[in-house]
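*Asks:* Quick one, start-v5.tsv (TSV, C-alpha atoms):
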chain	number	residue	atom	x	y	z
A	175	MET	CA	27.46	1.80	-8.16
A	176	SER	CA	24.16	0.21	-9.18
A	177	GLU	CA	21.79	-1.43	-6.70
A	178	LYS	CA	19.97	-4.72	-6.60
A	179	TYR	CA	16.28	-4.00	-7.01
A	180	VAL	CA	12.83	-5.56	-7.15
A	181	VAL	CA	10.11	-4.15	-9.38
A	182	PHE	CA	6.71	-4.90	-7.85
A	183	ASP	CA	3.05	-4.32	-8.59
A	184	PHE	CA	-0.26	-5.17	-6.95
A	185	GLU	CA	-3.68	-5.72	-8.47
A	186	THR	CA	-6.36	-4.85	-5.92
A	187	THR	CA	-10.12	-4.87	-5.40
A	188	GLY	CA	-10.21	-1.06	-5.37
A	189	LEU	CA	-8.33	2.12	-4.55
A	190	SER	CA	-8.51	2.22	-0.73
A	191	PRO	CA	-5.97	0.12	1.23
A	192	GLN	CA	-8.32	0.19	4.24
A	193	LYS	CA	-11.45	-0.95	2.38
A	194	ASN	CA	-9.92	-2.97	-0.45
A	195	GLU	CA	-7.32	-5.74	-0.73
A	196	ILE	CA	-4.50	-7.14	-2.81
A	197	ILE	CA	-5.60	-9.89	-5.21
A	198	GLN	CA	-2.38	-10.33	-7.17
A	199	ILE	CA	1.26	-9.76	-6.28
A	200	GLY	CA	3.81	-9.51	-9.05
A	201	ALA	CA	7.53	-8.88	-8.60
A	202	VAL	CA	10.71	-9.26	-10.65
A	203	LYS	CA	14.16	-9.22	-9.05
A	204	PHE	CA	17.28	-7.84	-10.76
A	205	ASP	CA	20.96	-7.77	-9.84
A	206	GLU	CA	23.23	-4.72	-10.02
A	207	ASN	CA	23.72	-5.25	-13.77
A	208	ASP	CA	19.96	-5.26	-14.60
A	209	VAL	CA	19.98	-9.04	-15.07
A	210	GLU	CA	16.73	-10.72	-14.01
A	211	ILE	CA	17.35	-13.25	-11.23
A	212	GLY	CA	13.88	-14.09	-9.91
A	213	ARG	CA	10.11	-13.70	-10.19
A	214	PHE	CA	7.20	-13.68	-7.75
A	215	ASP	CA	3.66	-14.09	-9.09
A	216	GLN	CA	0.78	-15.00	-6.78
A	217	LEU	CA	-2.99	-14.60	-6.75
A	218	VAL	CA	-4.43	-13.76	-3.33
A	219	LYS	CA	-7.94	-14.49	-2.04
A	220	PRO	CA	-9.58	-11.37	-0.51
A	221	GLN	CA	-11.29	-11.54	2.89
A	222	ARG	CA	-13.10	-8.23	3.46
A	223	SER	CA	-13.91	-7.11	-0.10
A	224	TYR	CA	-15.00	-8.56	-3.42
A	225	VAL	CA	-13.84	-8.47	-7.01
A	226	SER	CA	-16.24	-6.27	-8.96
A	227	THR	CA	-16.96	-6.65	-12.66
A	228	THR	CA	-15.08	-3.38	-13.20
A	229	ILE	CA	-11.96	-4.84	-11.60
A	230	SER	CA	-12.37	-8.11	-13.50
A	231	ASP	CA	-12.69	-6.24	-16.80
A	232	LEU	CA	-9.57	-4.22	-15.97
A	233	THR	CA	-7.32	-6.99	-14.65
A	234	GLY	CA	-8.70	-10.17	-16.18
A	235	ILE	CA	-9.00	-11.60	-12.65
A	236	TYR	CA	-12.42	-13.06	-11.81
A	237	PRO	CA	-13.75	-14.29	-8.44
A	238	ARG	CA	-13.54	-17.88	-9.67
A	239	ASP	CA	-9.81	-17.42	-10.28
A	240	LEU	CA	-9.28	-16.75	-6.57
A	241	LEU	CA	-11.09	-19.81	-5.23
A	242	GLY	CA	-8.63	-21.92	-3.31
A	243	LYS	CA	-5.90	-19.28	-3.46
A	244	PRO	CA	-4.03	-18.37	-0.24
A	245	TYR	CA	-4.96	-15.41	1.94
A	246	ILE	CA	-2.55	-12.50	2.33
A	247	GLN	CA	-1.42	-13.85	5.74
A	248	GLU	CA	-0.02	-16.90	3.96
A	249	VAL	CA	1.60	-14.98	1.11
A	250	LEU	CA	3.03	-11.81	2.64
A	251	PRO	CA	5.91	-13.40	4.64
A	252	ASP	CA	7.24	-15.05	1.46
A	253	PHE	CA	6.93	-11.77	-0.45
A	254	LEU	CA	8.78	-9.86	2.26
A	255	ASP	CA	11.56	-12.45	2.12
A	256	PHE	CA	11.69	-12.07	-1.68
A	257	ILE	CA	12.14	-8.28	-1.55
A	258	ALA	CA	14.40	-8.17	1.52
A	259	GLY	CA	17.53	-6.08	1.07
A	260	HIS	CA	16.51	-4.66	-2.31
A	261	LEU	CA	15.47	-1.28	-3.64
A	262	LEU	CA	11.73	-1.40	-4.39
A	263	VAL	CA	10.65	0.03	-7.74
A	264	ALA	CA	7.01	0.70	-8.68
A	265	HIS	CA	4.99	2.92	-11.01
A	266	ASN	CA	2.86	5.25	-8.88
A	267	ALA	CA	4.64	3.79	-5.87
A	268	PRO	CA	2.53	5.52	-3.16
A	269	PHE	CA	-0.47	3.41	-4.25
A	270	ASP	CA	1.31	0.06	-4.04
A	271	VAL	CA	3.30	1.00	-0.94
A	272	SER	CA	0.10	2.01	0.89
A	273	PHE	CA	-1.35	-1.46	0.24
A	274	LEU	CA	1.91	-3.07	1.35
A	275	TYR	CA	1.94	-1.12	4.62
A	276	GLN	CA	-1.73	-1.93	5.27
A	277	ALA	CA	-1.09	-5.63	4.63
A	278	ILE	CA	1.81	-5.52	7.12
A	279	VAL	CA	-0.53	-3.98	9.71
A	280	ASP	CA	-3.34	-6.46	8.95
A	281	CYS	CA	-0.94	-9.41	9.28
A	282	ASP	CA	0.52	-8.01	12.52
A	283	ILE	CA	4.08	-8.22	11.21
A	284	ARG	CA	6.37	-6.28	13.57
A	285	ASN	CA	9.83	-6.91	12.10
A	286	ALA	CA	9.46	-5.56	8.57
A	287	GLU	CA	12.58	-3.83	7.27
A	288	GLN	CA	12.88	-0.20	6.21
A	289	PHE	CA	12.05	-0.06	2.51
A	290	HIS	CA	13.88	2.04	-0.07
A	291	ILE	CA	11.35	3.16	-2.68
A	292	TYR	CA	11.80	4.45	-6.24
A	293	ASP	CA	8.69	5.80	-8.00
A	294	THR	CA	8.99	5.57	-11.79
A	295	LEU	CA	5.91	7.77	-12.26
A	296	SER	CA	7.36	10.82	-10.52
A	297	GLU	CA	10.78	10.24	-12.09
A	298	ALA	CA	9.27	9.86	-15.57
A	299	LYS	CA	7.52	13.21	-15.14
A	300	ARG	CA	10.83	14.76	-14.13
A	301	LEU	CA	13.00	13.22	-16.85
A	302	MET	CA	10.72	12.56	-19.83
A	303	LYS	CA	8.34	14.55	-22.00
A	304	ALA	CA	5.20	12.56	-22.82
A	305	LYS	CA	1.51	13.16	-23.53
A	306	SER	CA	0.65	10.76	-20.72
A	307	TYR	CA	2.66	9.14	-17.95
A	308	LYS	CA	0.33	6.18	-17.54
A	309	LEU	CA	2.17	2.88	-17.88
A	310	GLU	CA	-0.09	1.87	-20.78
A	311	TYR	CA	1.17	4.84	-22.77
A	312	LEU	CA	4.82	4.72	-21.72
A	313	LYS	CA	5.10	1.05	-22.67
A	314	ASP	CA	4.35	1.99	-26.30
A	315	LEU	CA	7.09	4.64	-26.21
A	316	LEU	CA	9.49	2.00	-24.89
A	317	GLY	CA	8.42	-0.62	-27.43
A	318	VAL	CA	7.09	-3.11	-24.87
A	319	ASP	CA	4.27	-5.33	-26.13
A	320	LEU	CA	2.61	-6.73	-22.99
A	321	ARG	CA	-0.97	-6.55	-21.67
A	322	SER	CA	-1.33	-3.97	-18.90
A	323	HIS	CA	-3.07	-4.44	-15.54
A	324	ASP	CA	-1.52	-7.84	-14.97
A	325	ALA	CA	0.79	-7.52	-11.96
A	326	LEU	CA	3.68	-9.48	-13.44
A	327	ASN	CA	3.40	-7.85	-16.88
A	328	ASP	CA	3.32	-4.40	-15.28
A	329	CYS	CA	6.52	-5.29	-13.41
A	330	LEU	CA	8.24	-6.22	-16.66
A	331	ILE	CA	7.10	-2.97	-18.28
A	332	THR	CA	8.16	-0.94	-15.25
A	333	SER	CA	11.59	-2.60	-15.22
A	334	VAL	CA	12.22	-1.38	-18.78
A	335	LEU	CA	11.04	2.09	-17.78
A	336	TYR	CA	13.25	2.10	-14.68
A	337	GLN	CA	16.33	1.12	-16.67
A	338	HIS	CA	15.55	3.85	-19.22
A	339	LEU	CA	15.18	6.43	-16.45
A	340	GLN	CA	18.48	5.36	-14.95
A	341	GLU	CA	20.19	5.96	-18.29
A	342	LEU	CA	18.64	9.43	-18.49
A	343	ALA	CA	19.44	10.42	-14.93
A	344	HIS	CA	22.77	8.73	-14.38
A	345	PRO	CA	25.04	8.38	-17.41
A	346	LYS	CA	27.56	7.11	-14.86
A	347	PRO	CA	25.98	4.79	-12.28
A	348	LYS	CA	25.75	6.12	-8.76
A	349	ASN	CA	23.71	5.51	-5.67
A	350	VAL	CA	20.06	6.59	-5.74
A	351	GLN	CA	19.40	9.03	-2.92
A	352	PHE	CA	16.31	8.81	-0.73
A	353	ASP	CA	14.46	10.99	1.74
A	354	GLU	CA	15.06	9.61	5.23
A	355	LYS	CA	11.43	10.30	6.13
A	356	GLN	CA	10.33	8.13	3.22
A	357	LEU	CA	12.55	5.28	4.39
A	358	ASP	CA	11.37	5.24	7.98
A	359	LEU	CA	8.84	2.38	8.01
A	360	PHE	CA	8.71	1.53	11.67
A	361	ALA	CA	9.70	3.97	14.42
A	362	ASP	CA	9.84	3.31	18.15
A	363	PHE	CA	6.87	4.74	20.04
A	364	ASP	CA	7.11	2.67	23.26
A	365	GLY	CA	5.64	4.41	26.25
A	366	MET	CA	3.66	7.00	24.31
A	367	SER	CA	0.71	8.52	26.12
A	368	GLU	CA	-2.84	7.69	25.01
A	369	GLU	CA	-3.98	11.25	25.76
A	370	ILE	CA	-5.93	12.74	22.85
A	371	THR	CA	-4.30	16.15	22.61
A	372	GLU	CA	-4.98	18.89	20.11
A	373	ASN	CA	-1.52	18.32	18.61
A	374	LEU	CA	-2.27	14.62	18.15
A	375	ARG	CA	-5.60	15.41	16.48
A	376	ARG	CA	-3.89	17.84	14.08
A	377	LYS	CA	-1.10	15.37	13.31
A	378	LEU	CA	-3.61	12.62	12.42
A	379	GLY	CA	-6.06	14.93	10.64
A	380	LEU	CA	-8.84	14.28	13.17
A	381	PRO	CA	-11.56	16.78	14.22
A	382	ILE	CA	-10.23	19.21	16.83
A	383	THR	CA	-13.27	19.53	19.12
A	384	LYS	CA	-15.77	16.72	18.58
A	385	ASN	CA	-15.69	13.38	20.41
A	386	LEU	CA	-13.97	10.70	18.35
A	387	VAL	CA	-15.74	7.47	17.41
A	388	TYR	CA	-14.90	4.00	16.12
A	389	TYR	CA	-17.24	1.82	14.04
A	390	ARG	CA	-17.32	-1.96	13.82
A	391	HIS	CA	-19.20	-3.89	11.13
A	392	GLU	CA	-21.16	-6.32	13.31
A	393	THR	CA	-23.49	-7.79	10.67
A	394	ALA	CA	-24.19	-7.37	6.97
A	395	SER	CA	-26.60	-4.53	7.77
A	396	ARG	CA	-25.44	-3.10	11.11
A	397	TRP	CA	-22.51	-0.96	12.20
A	398	GLN	CA	-21.84	-0.58	15.94
A	399	LYS	CA	-20.52	2.76	17.20
A	400	PHE	CA	-18.01	3.16	20.07
A	401	GLU	CA	-16.62	6.28	21.70
A	402	ILE	CA	-12.84	6.60	21.86
A	403	LYS	CA	-11.04	7.54	25.07
A	404	GLY	CA	-7.39	7.13	24.09
A	405	ILE	CA	-5.07	6.94	21.05
A	406	SER	CA	-1.40	6.01	20.78
A	407	ILE	CA	0.75	5.83	17.66
A	408	GLU	CA	2.37	2.40	17.33
A	409	GLN	CA	4.15	2.82	14.01
A	410	GLU	CA	4.57	5.68	11.56
A	411	TYR	CA	4.78	5.16	7.82
A	412	SER	CA	5.56	7.52	4.97
A	413	MET	CA	1.76	7.60	4.49
A	414	GLY	CA	-0.21	7.62	7.75
A	415	SER	CA	0.26	5.73	11.02
A	416	SER	CA	-0.75	2.50	12.71
A	417	LEU	CA	-2.76	3.38	15.82
A	418	ARG	CA	-3.79	1.59	19.01
A	419	VAL	CA	-7.19	2.96	20.02
A	420	SER	CA	-8.76	2.55	23.48
A	421	LEU	CA	-12.57	2.48	23.61
A	422	TYR	CA	-14.77	3.38	26.56
A	423	ASN	CA	-15.77	-0.29	26.92
A	424	GLU	CA	-12.06	-0.94	27.79
A	425	GLU	CA	-11.44	-2.67	24.46
A	426	LYS	CA	-8.30	-1.86	22.47
A	427	VAL	CA	-8.21	-2.02	18.66
A	428	ARG	CA	-5.60	-1.37	15.97
A	429	ILE	CA	-6.42	0.77	12.94
A	430	HIS	CA	-4.67	2.85	10.26
A	431	SER	CA	-4.93	6.60	10.85
A	432	ASP	CA	-6.48	7.25	7.42
A	433	PHE	CA	-9.35	4.86	8.14
A	434	LEU	CA	-9.95	6.35	11.60
A	435	LYS	CA	-10.13	9.78	9.96
A	436	GLU	CA	-12.76	8.45	7.54
A	437	MET	CA	-14.81	7.17	10.49
A	438	GLN	CA	-15.22	10.71	11.84
A	439	LYS	CA	-17.23	11.80	8.79
A	440	ALA	CA	-20.97	12.20	9.36
A	441	ASN	CA	-21.80	10.01	6.34
A	442	PHE	CA	-19.22	7.28	7.06
A	443	VAL	CA	-21.75	4.46	7.56
A	444	ASP	CA	-23.73	5.46	4.46
A	445	GLU	CA	-20.55	5.48	2.36
A	446	MET	CA	-19.44	2.10	3.66
A	447	GLU	CA	-22.87	0.58	2.97
A	448	LYS	CA	-22.60	1.86	-0.61
A	449	GLU	CA	-19.26	0.02	-0.90
A	450	ASP	CA	-20.93	-3.17	0.38
Starting from the file, give its structure as C-alpha coordinates.
*Replies:*
Amino acid sequence: MSEKYVVFDFETTGLSPQKNEIIQIGAVKFDENDVEIGRFDQLVKPQRSYVSTTISDLTGIYPRDLLGKPYIQEVLPDFLDFIAGHLLVAHNAPFDVSFLYQAIVDCDIRNAEQFHIYDTLSEAKRLMKAKSYKLEYLKDLLGVDLRSHDALNDCLITSVLYQHLQELAHPKPKNVQFDEKQLDLFADFDGMSEEITENLRRKLGLPITKNLVYYRHETASRWQKFEIKGISIEQEYSMGSSLRVSLYNEEKVRIHSDFLKEMQKANFVDEMEKED
(Lines of atoms letter the chains of each structure in order from A and count residues from 1; the text may use other names and numbers.)
(Lines give C-alpha, C1' and ligand atoms only; values in the text may rest on other atoms or scores of the structure.)
Protein backbone atom coordinates (compact mmCIF):
# COMPACT_ATOMS: atom_id res chain seq x y z
CA MET A 1 0.00 0.00 0.00
CA SER A 2 1.36 3.41 -0.99
CA GLU A 3 1.72 6.29 1.46
CA LYS A 4 0.75 9.93 1.40
CA TYR A 5 3.93 11.96 1.21
CA VAL A 6 5.35 15.47 1.09
CA VAL A 7 8.47 16.30 -0.90
CA PHE A 8 10.26 19.23 0.72
CA ASP A 9 13.36 21.33 0.19
CA PHE A 10 15.01 24.28 1.90
CA GLU A 11 17.22 27.02 0.50
CA THR A 12 19.53 28.31 3.23
CA THR A 13 22.18 30.95 3.91
CA GLY A 14 24.86 28.26 4.23
CA LEU A 15 25.64 24.69 5.21
CA SER A 16 25.52 24.83 9.03
CA PRO A 17 22.08 24.63 10.71
CA GLN A 18 23.55 26.28 13.81
CA LYS A 19 25.18 29.23 12.01
CA ASN A 20 22.92 29.56 8.97
CA GLU A 21 19.17 29.74 8.37
CA ILE A 22 16.35 28.74 6.07
CA ILE A 23 15.45 31.42 3.52
CA GLN A 24 12.99 29.46 1.39
CA ILE A 25 10.69 26.54 2.16
CA GLY A 26 9.27 24.53 -0.70
CA ALA A 27 6.99 21.51 -0.37
CA VAL A 28 4.62 19.53 -2.58
CA LYS A 29 2.04 17.14 -1.13
CA PHE A 30 0.88 13.94 -2.87
CA ASP A 31 -1.79 11.36 -2.11
CA GLU A 32 -1.30 7.58 -2.16
CA ASN A 33 -1.70 7.54 -5.96
CA ASP A 34 1.06 10.13 -6.62
CA VAL A 35 -1.53 12.83 -7.37
CA GLU A 36 -0.44 16.32 -6.30
CA ILE A 37 -2.86 17.78 -3.75
CA GLY A 38 -1.06 20.82 -2.34
CA ARG A 39 1.95 23.15 -2.43
CA PHE A 40 3.85 25.22 0.13
CA ASP A 41 6.22 27.93 -1.08
CA GLN A 42 7.46 30.64 1.28
CA LEU A 43 10.45 32.97 1.51
CA VAL A 44 11.78 33.45 5.05
CA LYS A 45 13.69 36.44 6.43
CA PRO A 46 16.88 35.37 8.27
CA GLN A 47 17.71 36.75 11.71
CA ARG A 48 21.25 35.64 12.61
CA SER A 49 22.90 35.31 9.19
CA TYR A 50 22.97 37.04 5.82
CA VAL A 51 22.50 36.07 2.20
CA SER A 52 25.91 36.11 0.53
CA THR A 53 26.48 36.80 -3.15
CA THR A 54 27.43 33.13 -3.53
CA ILE A 55 24.05 32.05 -2.18
CA SER A 56 22.24 34.64 -4.31
CA ASP A 57 24.04 33.43 -7.44
CA LEU A 58 23.13 29.84 -6.59
CA THR A 59 19.49 30.30 -5.59
CA GLY A 60 18.41 33.51 -7.29
CA ILE A 61 17.34 34.84 -3.88
CA TYR A 62 18.72 38.27 -3.00
CA PRO A 63 18.54 40.16 0.33
CA ARG A 64 16.01 42.58 -1.18
CA ASP A 65 13.71 39.64 -1.92
CA LEU A 66 13.47 38.88 1.81
CA LEU A 67 12.55 42.37 2.98
CA GLY A 68 9.16 42.23 4.64
CA LYS A 69 9.03 38.44 4.56
CA PRO A 70 8.05 36.55 7.75
CA TYR A 71 10.57 35.13 10.19
CA ILE A 72 10.82 31.37 10.69
CA GLN A 73 8.79 31.64 13.94
CA GLU A 74 5.82 32.82 11.87
CA VAL A 75 6.23 30.25 9.11
CA LEU A 76 7.25 27.01 10.81
CA PRO A 77 3.91 26.20 12.55
CA ASP A 78 2.09 26.39 9.20
CA PHE A 79 4.74 24.20 7.56
CA LEU A 80 4.50 21.60 10.32
CA ASP A 81 0.72 21.54 9.86
CA PHE A 82 1.22 21.08 6.10
CA ILE A 83 3.49 18.04 6.50
CA ALA A 84 1.68 16.47 9.47
CA GLY A 85 0.92 12.79 9.03
CA HIS A 86 2.92 12.39 5.82
CA LEU A 87 6.11 10.64 4.80
CA LEU A 88 8.77 13.31 4.21
CA VAL A 89 10.82 12.95 1.03
CA ALA A 90 13.98 14.97 0.31
CA HIS A 91 17.17 14.72 -1.75
CA ASN A 92 20.12 14.57 0.63
CA ALA A 93 17.58 14.46 3.45
CA PRO A 94 20.06 14.74 6.37
CA PHE A 95 20.85 18.31 5.26
CA ASP A 96 17.25 19.49 5.13
CA VAL A 97 16.20 17.51 8.20
CA SER A 98 19.04 19.05 10.25
CA PHE A 99 17.75 22.54 9.40
CA LEU A 100 14.20 21.46 10.23
CA TYR A 101 15.25 20.12 13.64
CA GLN A 102 17.27 23.26 14.39
CA ALA A 103 14.31 25.46 13.45
CA ILE A 104 12.09 23.44 15.80
CA VAL A 105 14.62 24.01 18.61
CA ASP A 106 14.99 27.72 17.79
CA CYS A 107 11.20 28.20 17.78
CA ASP A 108 10.85 26.25 21.05
CA ILE A 109 8.25 23.90 19.57
CA ARG A 110 7.74 20.98 21.96
CA ASN A 111 4.94 18.99 20.31
CA ALA A 112 6.45 18.19 16.91
CA GLU A 113 5.51 14.75 15.60
CA GLN A 114 7.88 11.91 14.81
CA PHE A 115 8.89 12.28 11.17
CA HIS A 116 9.24 9.44 8.68
CA ILE A 117 12.05 10.33 6.28
CA TYR A 118 12.92 9.00 2.81
CA ASP A 119 16.24 10.15 1.30
CA THR A 120 16.18 10.02 -2.50
CA LEU A 121 19.96 10.56 -2.67
CA SER A 122 20.87 7.40 -0.77
CA GLU A 123 18.15 5.41 -2.53
CA ALA A 124 19.26 6.64 -5.96
CA LYS A 125 22.80 5.46 -5.20
CA ARG A 126 21.40 2.06 -4.23
CA LEU A 127 19.00 1.60 -7.14
CA MET A 128 20.44 3.59 -10.06
CA LYS A 129 23.71 3.76 -11.97
CA ALA A 130 24.66 7.34 -12.80
CA LYS A 131 27.79 9.46 -13.30
CA SER A 132 26.51 11.85 -10.64
CA TYR A 133 23.72 11.69 -8.10
CA LYS A 134 23.31 15.44 -7.80
CA LEU A 135 19.75 16.54 -8.48
CA GLU A 136 20.91 18.76 -11.34
CA TYR A 137 22.23 15.70 -13.16
CA LEU A 138 19.43 13.29 -12.29
CA LYS A 139 16.78 15.70 -13.52
CA ASP A 140 18.28 15.46 -17.02
CA LEU A 141 18.12 11.66 -16.86
CA LEU A 142 14.47 11.92 -15.85
CA GLY A 143 13.64 14.49 -18.54
CA VAL A 144 12.66 17.26 -16.11
CA ASP A 145 13.27 20.79 -17.41
CA LEU A 146 13.23 23.02 -14.32
CA ARG A 147 15.81 25.41 -12.83
CA SER A 148 17.62 23.88 -9.86
CA HIS A 149 18.26 25.49 -6.47
CA ASP A 150 14.75 26.88 -6.23
CA ALA A 151 13.06 25.12 -3.31
CA LEU A 152 9.75 24.49 -5.06
CA ASN A 153 11.38 23.43 -8.35
CA ASP A 154 13.67 21.04 -6.50
CA CYS A 155 10.61 19.51 -4.84
CA LEU A 156 8.99 18.91 -8.22
CA ILE A 157 12.20 17.32 -9.54
CA THR A 158 12.58 15.19 -6.42
CA SER A 159 8.97 14.01 -6.66
CA VAL A 160 9.65 12.61 -10.14
CA LEU A 161 12.81 10.95 -8.83
CA TYR A 162 10.97 9.49 -5.84
CA GLN A 163 8.25 8.00 -8.04
CA HIS A 164 10.91 6.53 -10.33
CA LEU A 165 12.72 4.99 -7.36
CA GLN A 166 9.48 3.50 -6.09
CA GLU A 167 8.95 1.81 -9.45
CA LEU A 168 12.48 0.38 -9.32
CA ALA A 169 12.28 -0.80 -5.73
CA HIS A 170 8.67 -1.88 -5.46
CA PRO A 171 7.06 -3.27 -8.61
CA LYS A 172 4.16 -4.05 -6.28
CA PRO A 173 3.47 -1.22 -3.81
CA LYS A 174 4.25 -1.93 -0.19
CA ASN A 175 5.04 0.00 2.93
CA VAL A 176 8.41 1.75 3.10
CA GLN A 177 10.34 0.52 6.12
CA PHE A 178 12.23 2.87 8.43
CA ASP A 179 14.85 2.64 11.13
CA GLU A 180 13.17 3.31 14.48
CA LYS A 181 16.18 5.35 15.59
CA GLN A 182 15.72 7.60 12.58
CA LEU A 183 12.05 8.15 13.42
CA ASP A 184 12.57 9.08 17.05
CA LEU A 185 12.42 12.89 16.98
CA PHE A 186 11.61 13.69 20.57
CA ALA A 187 12.35 11.31 23.45
CA ASP A 188 11.48 11.77 27.11
CA PHE A 189 14.44 12.85 29.22
CA ASP A 190 12.57 14.24 32.26
CA GLY A 191 14.58 14.09 35.44
CA MET A 192 17.94 13.55 33.80
CA SER A 193 20.97 14.55 35.84
CA GLU A 194 23.04 17.57 34.83
CA GLU A 195 26.25 15.83 35.91
CA ILE A 196 28.92 16.04 33.20
CA THR A 197 30.12 12.45 33.15
CA GLU A 198 32.72 10.88 30.90
CA ASN A 199 29.96 8.87 29.21
CA LEU A 200 27.99 12.04 28.50
CA ARG A 201 31.07 13.73 27.04
CA ARG A 202 31.72 10.74 24.77
CA LYS A 203 28.08 10.57 23.68
CA LEU A 204 28.05 14.26 22.71
CA GLY A 205 31.56 14.26 21.21
CA LEU A 206 32.90 16.72 23.81
CA PRO A 207 36.49 16.82 25.16
CA ILE A 208 36.99 14.22 27.89
CA THR A 209 39.20 16.15 30.33
CA LYS A 210 39.11 19.90 29.69
CA ASN A 211 36.59 22.29 31.25
CA LEU A 212 33.68 22.98 28.92
CA VAL A 213 32.81 26.51 27.81
CA TYR A 214 29.91 28.38 26.24
CA TYR A 215 30.26 31.53 24.10
CA ARG A 216 27.73 34.30 23.60
CA HIS A 217 27.98 36.93 20.85
CA GLU A 218 27.53 40.09 22.93
CA THR A 219 28.41 42.71 20.29
CA ALA A 220 29.52 42.80 16.67
CA SER A 221 33.15 42.45 17.78
CA ARG A 222 33.01 40.69 21.17
CA TRP A 223 32.29 37.14 22.29
CA GLN A 224 31.75 36.50 26.01
CA LYS A 225 33.00 33.21 27.46
CA PHE A 226 31.23 31.25 30.24
CA GLU A 227 32.25 28.08 32.04
CA ILE A 228 29.74 25.23 32.06
CA LYS A 229 28.82 23.38 35.25
CA GLY A 230 26.00 21.11 34.07
CA ILE A 231 24.46 19.57 30.93
CA SER A 232 21.20 17.69 30.43
CA ILE A 233 19.79 16.25 27.21
CA GLU A 234 16.29 17.59 26.55
CA GLN A 235 15.58 15.97 23.20
CA GLU A 236 17.46 13.56 20.95
CA TYR A 237 17.27 13.70 17.18
CA SER A 238 18.58 11.39 14.49
CA MET A 239 21.40 13.96 14.18
CA GLY A 240 22.55 15.39 17.52
CA SER A 241 20.63 16.50 20.61
CA SER A 242 19.00 19.57 22.09
CA LEU A 243 20.78 20.41 25.35
CA ARG A 244 20.02 22.48 28.43
CA VAL A 245 23.32 23.89 29.69
CA SER A 246 23.87 25.35 33.18
CA LEU A 247 26.55 28.05 33.47
CA TYR A 248 28.51 28.99 36.58
CA ASN A 249 26.66 32.34 36.70
CA GLU A 250 23.47 30.26 37.36
CA GLU A 251 22.11 30.99 33.88
CA LYS A 252 20.59 28.18 31.82
CA VAL A 253 20.73 28.15 28.01
CA ARG A 254 19.53 25.80 25.26
CA ILE A 255 21.86 24.76 22.44
CA HIS A 256 22.26 21.98 19.86
CA SER A 257 24.98 19.47 20.74
CA ASP A 258 26.83 20.00 17.44
CA PHE A 259 27.19 23.73 18.10
CA LEU A 260 28.35 23.15 21.69
CA LYS A 261 30.99 20.77 20.32
CA GLU A 262 32.17 23.49 17.93
CA MET A 263 32.51 25.91 20.86
CA GLN A 264 35.13 23.68 22.49
CA LYS A 265 37.59 24.22 19.63
CA ALA A 266 40.50 26.54 20.39
CA ASN A 267 39.85 28.61 17.26
CA PHE A 268 36.05 28.81 17.65
CA VAL A 269 35.88 32.60 18.04
CA ASP A 270 38.25 33.18 15.12
CA GLU A 271 36.16 30.91 12.88
CA MET A 272 32.92 32.60 13.88
CA GLU A 273 34.39 36.06 13.23
CA LYS A 274 35.38 34.87 9.75
CA GLU A 275 31.74 33.87 9.16
CA ASP A 276 30.63 37.35 10.28
*Asks:* Separation of CA of Leu312 (chain A) and CA of Asp270 (chain A), in Å?
*Replies:* 18.6 Å
*Asks:* Smallest atom-to-atom distance to Gln216 (chain A): which of A:Leu380, A:Val279, A:Ala201, A:Leu241, using all atoms listed in the file?
*Replies:*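 Of the candidates, the smallest distance to Gln216 (chain A) is held by A:Ala201.
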*Asks:* For the atom pair CA of Glu410 (chain A) and CA of Leu374 (chain A), what is the interatomic distance in Å to one decimal place?
*Replies:*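 CA of Leu374 (chain A) lies 13.0 Å from CA of Glu410 (chain A).
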*Asks:* For the point (15.3, 4.8, -8.9) in file coordinates, what residues are within 12 Å, counting all atoms listed in the file? Give the answer as a short mmCIF file (atom, residue, chain, number, x, y, z; two decimals) with C-alpha atoms, in the frame of the given file?
*Replies:*
data_model
loop_
_atom_site.label_atom_id
_atom_site.label_comp_id
_atom_site.auth_asym_id
_atom_site.auth_seq_id
_atom_site.Cartn_x
_atom_site.Cartn_y
_atom_site.Cartn_z
CA SER A 176 24.16 0.21 -9.18
CA GLU A 177 21.79 -1.43 -6.70
CA LYS A 178 19.97 -4.72 -6.60
CA TYR A 179 16.28 -4.00 -7.01
CA VAL A 180 12.83 -5.56 -7.15
CA VAL A 181 10.11 -4.15 -9.38
CA HIS A 260 16.51 -4.66 -2.31
CA LEU A 261 15.47 -1.28 -3.64
CA LEU A 262 11.73 -1.40 -4.39
CA VAL A 263 10.65 0.03 -7.74
CA ALA A 264 7.01 0.70 -8.68
CA HIS A 265 4.99 2.92 -11.01
CA ALA A 267 4.64 3.79 -5.87
CA HIS A 290 13.88 2.04 -0.07
CA ILE A 291 11.35 3.16 -2.68
CA TYR A 292 11.80 4.45 -6.24
CA ASP A 293 8.69 5.80 -8.00
CA THR A 294 8.99 5.57 -11.79
CA LEU A 295 5.91 7.77 -12.26
CA SER A 296 7.36 10.82 -10.52
CA GLU A 297 10.78 10.24 -12.09
CA ALA A 298 9.27 9.86 -15.57
CA LEU A 301 13.00 13.22 -16.85
CA THR A 332 8.16 -0.94 -15.25
CA SER A 333 11.59 -2.60 -15.22
CA LEU A 335 11.04 2.09 -17.78
CA TYR A 336 13.25 2.10 -14.68
CA GLN A 337 16.33 1.12 -16.67
CA HIS A 338 15.55 3.85 -19.22
CA LEU A 339 15.18 6.43 -16.45
CA GLN A 340 18.48 5.36 -14.95
CA GLU A 341 20.19 5.96 -18.29
CA LEU A 342 18.64 9.43 -18.49
CA ALA A 343 19.44 10.42 -14.93
CA HIS A 344 22.77 8.73 -14.38
CA PRO A 347 25.98 4.79 -12.28
CA LYS A 348 25.75 6.12 -8.76
CA ASN A 349 23.71 5.51 -5.67
CA VAL A 350 20.06 6.59 -5.74
CA GLN A 351 19.40 9.03 -2.92
CA PHE A 352 16.31 8.81 -0.73
#
*Asks:* Using only C-alpha atoms, which residue out of A:Gln247, A:Gln438, A:Gln192, A:Ser306 lies closest to Asn385 (chain A)?
*Replies:*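 Among A:Gln247, A:Gln438, A:Gln192, A:Ser306, it is A:Gln438 that comes nearest to Asn385 (chain A).
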